[in-house]
Amino acid sequence: MTKIYAVVNQKGGVGKTTTVINLGAYLASKGRRVLIADIDPQANATSGIGVNKYDLQMSMYNLLLEETAAADVTHPLPEFNLDILPSHPSLAGAEVELVNAIGREYRLRKGLETVNGRYDYILIDCPPSLGLLTVNALTAAKDGVLIPVQCEYLALEGLTQLVQTIELVRKYLNPALAIRGLIMTMYDGRTNLSRQVVEEVRSYFPGKVFRTIVPRNIRLGEAPSYGQPISVYAPKSPGAIAYQILTAELLKGDAQAKSGD
Ligand SMILES: Nc1ncnc2c1ncn2[C@@H]1O[C@H](COP(=O)(O)OP(=O)(O)OP(=O)(O)O)[C@@H](O)[C@H]1O
Ligand SMILES: [Mg+2]
């Protein structure tokens with residue numbers, strides 16, 4: 001069974017793309033078949049994993065607007081042992097172009113059905129908004145959402161709105177939608193603030209915050225400019241170790257959920 005997670009937070013720059021790329025890479029290194037699906041017009045997951053978005057013939061745009069099958073728009077990345085369903089800058093117009101389309105919220109879900117069973121994990125990288133592209137991701141995310149939260153002042157701000165959106169999508173579009181977990185990112189162990197934010201988010205979302213905390217680590221910021229996940233760019237860095245442990249935590253939780261079914 002393919003697990004489909006959307007990595008979502010309408011706040012910009014909180015670590016969504018970094019989480020998608022690195023969690024994806026470590027899941028792949030653990031032998032899981034992984035697809036990274038980029039539904040953000042910024043296409044940062046696409047370029048961050050070494051794909052030139054301007055070279056693409058087919059992208060998420062074709063899947064959403066022309067109902068091209070996912071299998072026809074995915075590209076293998078043999079060096080990282082995973083596949084990418086790339087984004088393209090043209091996706092910026094898709095939000096408007098989709099408005100009158102039939103089944104506009106279900107386009108990604110339908111498209112991904114064509115690769116059902118080919119992957120163990122599909123991770124969807126969302127844009128920093130709660131528009132139709134993110135709603136498509138939430139509708140497709142049959143196993144839930146991963147929410148990166150930056151360890152900074154006002155981290156909780158915006159999460160109420162995100163939770164409301166998740167509830168609306170669950171009610172009308174995807175009854176299976178759940179919060180799989182919140183991931184604390186860019187933690188700075190030298191500051192009280194980071195610690196306070198983690199405590200605050202844990203008390204607001206009891207039992208929902210991953211134990212693994214991703215530290216602020218310059219290597220994580222550098223890796224995308226080399227088109228590499230951290231597992232390749234700087235495998236011994238603190239950021240790499242954190243994403244590796246986070247991957248193990250996710251896999252363990254998923255295995256327990258399965259045995260508890
Ligand atoms: N743990 C970290 N330590 C240091 N830098 C990080 C870390 N996580 C992410 N970054 C850097 O911070 C910036 C924002 O991260 P990222 O692009 O993953 O966020 P995002 O939520 O996807 O942003 P957007 O909302 O624009 O899509 C990037 O330059 C990234 O390389
Ligand atoms: Mg991003």
# chains A, B, ... in the order shown; residues from 1 in each chain; ligands from 1

$ closest_atom_pairs --of "chain A" --to "ligand 1" --cutoff "10 Å" --atoms "only C-alpha atoms and all ligand atoms" --output "tab-separated table"
residue	atom	partner	partner_atom_place_in_ligand_line	distance
A:Val7	CA	ligand 1	21 (O)	8.9
A:Val8	CA	ligand 1	21 (O)	7.9
A:Asn9	CA	ligand 1	21 (O)	7.0
A:Gln10	CA	ligand 1	25 (O)	6.8
A:Lys11	CA	ligand 1	25 (O)	5.9
A:Gly12	CA	ligand 1	25 (O)	3.1
A:Gly13	CA	ligand 1	23 (O)	3.3
A:Val14	CA	ligand 1	21 (O)	3.9
A:Gly15	CA	ligand 1	18 (O)	3.2
A:Lys16	CA	ligand 1	22 (O)	3.8
A:Thr17	CA	ligand 1	22 (O)	3.7
A:Thr18	CA	ligand 1	18 (O)	3.7
A:Thr19	CA	ligand 1	18 (O)	6.3
A:Val20	CA	ligand 1	18 (O)	8.0
A:Ile21	CA	ligand 1	18 (O)	8.6
A:Asn22	CA	ligand 1	18 (O)	9.7
A:Asp40	CA	ligand 1	27 (O)	7.1
A:Pro41	CA	ligand 1	27 (O)	9.1
A:Gln42	CA	ligand 1	27 (O)	7.1
A:Ala43	CA	ligand 1	27 (O)	8.4
A:Asn44	CA	ligand 1	17 (O)	6.8
A:Ala45	CA	ligand 1	22 (O)	7.9
A:Gly48	CA	ligand 1	31 (O)	8.9
A:Asp125	CA	ligand 1	22 (O)	7.4
A:Cys126	CA	ligand 1	27 (O)	6.9
A:Pro127	CA	ligand 1	27 (O)	5.2
A:Pro128	CA	ligand 1	25 (O)	4.2
A:Ser129	CA	ligand 1	25 (O)	8.0
A:Ile147	CA	ligand 1	21 (O)	9.5
A:Pro148	CA	ligand 1	21 (O)	7.4
A:Val149	CA	ligand 1	21 (O)	8.7
A:Gln150	CA	ligand 1	8 (N)	8.5
A:Cys151	CA	ligand 1	1 (N)	9.7
A:Met184	CA	ligand 1	1 (N)	9.0
A:Thr185	CA	ligand 1	1 (N)	5.4
A:Met186	CA	ligand 1	1 (N)	4.0
A:Tyr187	CA	ligand 1	1 (N)	7.0
A:Asp188	CA	ligand 1	3 (N)	9.1
A:Ile213	CA	ligand 1	1 (N)	9.1
A:Val214	CA	ligand 1	1 (N)	5.5
A:Pro215	CA	ligand 1	1 (N)	5.0
A:Arg216	CA	ligand 1	3 (N)	3.4
A:Asn217	CA	ligand 1	3 (N)	3.9
A:Ile218	CA	ligand 1	4 (C)	4.9
A:Arg219	CA	ligand 1	4 (C)	6.9
A:Leu220	CA	ligand 1	5 (N)	5.2
A:Gly221	CA	ligand 1	31 (O)	3.3
A:Glu222	CA	ligand 1	31 (O)	6.3
A:Ala223	CA	ligand 1	31 (O)	7.2
A:Pro224	CA	ligand 1	31 (O)	6.5
A:Ser225	CA	ligand 1	31 (O)	8.5
A:Pro238	CA	ligand 1	1 (N)	9.2
A:Gly239	CA	ligand 1	1 (N)	6.3
A:Ala240	CA	ligand 1	1 (N)	9.5
A:Ala242	CA	ligand 1	1 (N)	9.0
A:Tyr243	CA	ligand 1	1 (N)	9.4

$ residues_around --residues "A:Ile122" --least-positions-apart "5" --cutoff "12 Å" --atoms "only C-alpha atoms" --output "mmCIF file with C-alpha atoms, in the first residue's frame"
data_model
loop_
_atom_site.group_PDB
_atom_site.id
_atom_site.type_symbol
_atom_site.label_atom_id
_atom_site.label_comp_id
_atom_site.auth_asym_id
_atom_site.auth_seq_id
_atom_site.Cartn_x
_atom_site.Cartn_y
_atom_site.Cartn_z
ATOM 1 C CA MET A 1 0.000 0.000 0.000
ATOM 2 C CA THR A 2 1.302 3.399 -0.984
ATOM 3 C CA LYS A 3 1.425 5.952 1.825
ATOM 4 C CA ILE A 4 0.678 9.476 0.674
ATOM 5 C CA TYR A 5 1.634 12.402 2.897
ATOM 6 C CA ALA A 6 1.288 16.114 2.172
ATOM 7 C CA VAL A 7 3.932 18.333 3.767
ATOM 8 C CA VAL A 20 10.258 16.547 1.599
ATOM 9 C CA ILE A 21 13.666 16.203 -0.045
ATOM 10 C CA LEU A 23 12.816 12.558 4.336
ATOM 11 C CA GLY A 24 12.323 11.305 0.779
ATOM 12 C CA ALA A 25 16.030 10.599 0.339
ATOM 13 C CA LEU A 27 13.184 6.709 3.004
ATOM 14 C CA ALA A 28 14.747 5.745 -0.328
ATOM 15 C CA ARG A 32 11.425 2.339 0.265
ATOM 16 C CA ARG A 33 10.186 3.255 -3.215
ATOM 17 C CA VAL A 34 9.687 7.014 -3.054
ATOM 18 C CA LEU A 35 8.009 9.643 -5.225
ATOM 19 C CA ILE A 36 8.459 13.325 -4.449
ATOM 20 C CA ALA A 37 5.466 15.199 -5.883
ATOM 21 C CA ASP A 38 6.058 18.947 -6.185
ATOM 22 C CA ALA A 70 1.372 10.644 -13.229
ATOM 23 C CA THR A 74 7.482 11.386 -13.298
ATOM 24 C CA LEU A 82 13.780 7.986 -6.060
ATOM 25 C CA ASP A 83 11.379 9.556 -8.555
ATOM 26 C CA ILE A 84 10.211 13.145 -8.917
ATOM 27 C CA LEU A 85 6.929 14.467 -10.212
ATOM 28 C CA LEU A 108 -3.840 15.375 -7.985
ATOM 29 C CA ARG A 109 -5.564 12.466 -6.277
ATOM 30 C CA LEU A 112 -1.653 9.758 -8.506
ATOM 31 C CA GLU A 113 -4.071 6.833 -8.780
ATOM 32 C CA VAL A 115 0.897 5.143 -10.050
ATOM 33 C CA ASN A 116 -0.885 3.414 -7.193
ATOM 34 C CA GLY A 117 1.226 0.548 -5.859
ATOM 35 C CA ALA A 137 -2.507 18.003 -1.972
ATOM 36 C CA ALA A 140 -4.695 13.362 -2.248
ATOM 37 C CA ALA A 141 -2.979 12.838 1.120
ATOM 38 C CA LYS A 142 -4.841 9.717 2.139
ATOM 39 C CA ASP A 143 -2.438 9.020 5.016
ATOM 40 C CA GLY A 144 -2.333 12.518 6.424
ATOM 41 C CA VAL A 145 -0.231 15.618 6.700
#

$ closest_residue --among "A:Ile124, A:Leu63, A:Ala94, A:Ile245" --to "ligand 2" --atoms "only C-alpha atoms and all ligand atoms"
A:Ile124

$ residues_around --residues "A:Leu168" --least-positions-apart "6" --cutoff "10 Å" --atoms "only C-alpha atoms" --output "list in words"
Val135, Leu162, Asn174, Pro175 and Leu177 of chain A

$ residues_around --residues "A:Lys208" --least-positions-apart "3" --cutoff "7 Å" --atoms "only C-alpha atoms" --output "JSON, numbers by chain"
{"A": [181, 182, 205]}

$ select_by_dssp --residues "stretch 77-140 of chain A" --states "strand (DSSP E)" --output "ChimeraX atom specification"
/A:77,82-85,121-125

$ select_by_dssp --residues "stretch 51-169 of chain A" --states "helix (DSSP H, G or I)" --output "ChimeraX atom specification"
/A:53-55,60-66,70-73,89-97,104-113,132-140,159-169

$ closest_residue --among "A:Pro78, A:Gly103, A:Ala71, A:Ser87" --to "ligand 2" --atoms "only C-alpha atoms and all ligand atoms"
A:Ser87

$ atom_distance --atom1 "atom CA of A:Gly111" --atom2 "atom CA of A:Leu133"
13.5 Å

$ closest_residue --among "A:Thr165, A:Leu132, A:Ser47, A:Ser259" --to "ligand 2" --atoms "only C-alpha atoms and all ligand atoms"
A:Ser47

$ atom_distance --atom1 "atom CA of A:Lys53" --atom2 "atom CA of A:Asp120"
25.2 Å

$ atom_distance --atom1 "atom CA of A:Tyr204" --atom2 "atom CA of A:Thr191"
20.7 Å

$ closest_residue --among "A:Tyr153, A:Tyr61, A:Tyr226, A:Tyr121" --to "A:Asp254" --atoms "only C-alpha atoms"
A:Tyr121

$ closest_residue --among "A:Leu251, A:Val163, A:Ile39, A:Ile49" --to "A:Ile230" --atoms "only C-alpha atoms"
A:Ile49

$ closest_residue --among "A:Val209, A:Val169, A:Ala255, A:Ala155" --to "A:Thr134" --atoms "only C-alpha atoms"
A:Val169

$ decode --residues "stretch 222-246 of chain A" --atoms "N, CA and C atoms" --output "mmCIF file, in the first residue's frame"
data_model
loop_
_atom_site.group_PDB
_atom_site.id
_atom_site.type_symbol
_atom_site.label_atom_id
_atom_site.label_comp_id
_atom_site.auth_asym_id
_atom_site.auth_seq_id
_atom_site.Cartn_x
_atom_site.Cartn_y
_atom_site.Cartn_z
ATOM 1 N N GLU A 222 22.572 24.727 2.417
ATOM 2 C CA GLU A 222 23.462 24.705 1.247
ATOM 3 C C GLU A 222 23.096 23.614 0.244
ATOM 4 N N ALA A 223 22.647 22.460 0.758
ATOM 5 C CA ALA A 223 22.471 21.266 -0.094
ATOM 6 C C ALA A 223 21.646 21.512 -1.360
ATOM 7 N N PRO A 224 20.506 22.263 -1.276
ATOM 8 C CA PRO A 224 19.693 22.421 -2.494
ATOM 9 C C PRO A 224 20.417 23.128 -3.631
ATOM 10 N N SER A 225 21.360 24.005 -3.310
ATOM 11 C CA SER A 225 22.056 24.699 -4.395
ATOM 12 C C SER A 225 22.997 23.745 -5.142
ATOM 13 N N TYR A 226 23.275 22.583 -4.553
ATOM 14 C CA TYR A 226 24.058 21.548 -5.245
ATOM 15 C C TYR A 226 23.140 20.484 -5.836
ATOM 16 N N GLY A 227 21.834 20.680 -5.678
ATOM 17 C CA GLY A 227 20.877 19.707 -6.212
ATOM 18 C C GLY A 227 20.971 18.354 -5.539
ATOM 19 N N GLN A 228 21.328 18.361 -4.257
ATOM 20 C CA GLN A 228 21.518 17.090 -3.555
ATOM 21 C C GLN A 228 20.759 17.075 -2.231
ATOM 22 N N PRO A 229 20.247 15.897 -1.855
ATOM 23 C CA PRO A 229 19.732 15.773 -0.482
ATOM 24 C C PRO A 229 20.901 15.783 0.503
ATOM 25 N N ILE A 230 20.603 16.038 1.771
ATOM 26 C CA ILE A 230 21.659 16.131 2.784
ATOM 27 C C ILE A 230 22.379 14.794 2.964
ATOM 28 N N SER A 231 21.680 13.699 2.664
ATOM 29 C CA SER A 231 22.283 12.367 2.795
ATOM 30 C C SER A 231 23.459 12.183 1.848
ATOM 31 N N VAL A 232 23.489 12.971 0.779
ATOM 32 C CA VAL A 232 24.589 12.900 -0.178
ATOM 33 C C VAL A 232 25.543 14.070 0.057
ATOM 34 N N TYR A 233 24.983 15.255 0.273
ATOM 35 C CA TYR A 233 25.799 16.471 0.374
ATOM 36 C C TYR A 233 26.661 16.509 1.635
ATOM 37 N N ALA A 234 26.076 16.176 2.770
ATOM 38 C CA ALA A 234 26.827 16.246 4.037
ATOM 39 C C ALA A 234 26.253 15.231 5.022
ATOM 40 N N PRO A 235 26.511 13.933 4.743
ATOM 41 C CA PRO A 235 25.827 12.867 5.489
ATOM 42 C C PRO A 235 26.143 12.830 6.981
ATOM 43 N N LYS A 236 27.243 13.496 7.391
ATOM 44 C CA LYS A 236 27.597 13.438 8.816
ATOM 45 C C LYS A 236 27.174 14.696 9.564
ATOM 46 N N SER A 237 26.551 15.625 8.871
ATOM 47 C CA SER A 237 26.169 16.890 9.509
ATOM 48 C C SER A 237 25.016 16.663 10.492
ATOM 49 N N PRO A 238 24.865 17.556 11.458
ATOM 50 C CA PRO A 238 23.751 17.408 12.412
ATOM 51 C C PRO A 238 22.389 17.394 11.714
ATOM 52 N N GLY A 239 22.254 18.152 10.638
ATOM 53 C CA GLY A 239 20.983 18.172 9.905
ATOM 54 C C GLY A 239 20.692 16.819 9.273
ATOM 55 N N ALA A 240 21.734 16.189 8.734
ATOM 56 C CA ALA A 240 21.571 14.871 8.112
ATOM 57 C C ALA A 240 21.148 13.851 9.164
ATOM 58 N N ILE A 241 21.835 13.891 10.296
ATOM 59 C CA ILE A 241 21.539 12.926 11.363
ATOM 60 C C ILE A 241 20.094 13.097 11.834
ATOM 61 N N ALA A 242 19.664 14.355 11.964
ATOM 62 C CA ALA A 242 18.283 14.601 12.405
ATOM 63 C C ALA A 242 17.271 14.024 11.417
ATOM 64 N N TYR A 243 17.472 14.257 10.124
ATOM 65 C CA TYR A 243 16.506 13.741 9.143
ATOM 66 C C TYR A 243 16.545 12.212 9.062
ATOM 67 N N GLN A 244 17.731 11.660 9.325
ATOM 68 C CA GLN A 244 17.833 10.203 9.335
ATOM 69 C C GLN A 244 17.022 9.624 10.510
ATOM 70 N N ILE A 245 17.149 10.245 11.673
ATOM 71 C CA ILE A 245 16.416 9.761 12.853
ATOM 72 C C ILE A 245 14.914 10.013 12.678
ATOM 73 N N LEU A 246 14.582 11.158 12.092
ATOM 74 C CA LEU A 246 13.171 11.461 11.828
ATOM 75 C C LEU A 246 12.549 10.398 10.919
#
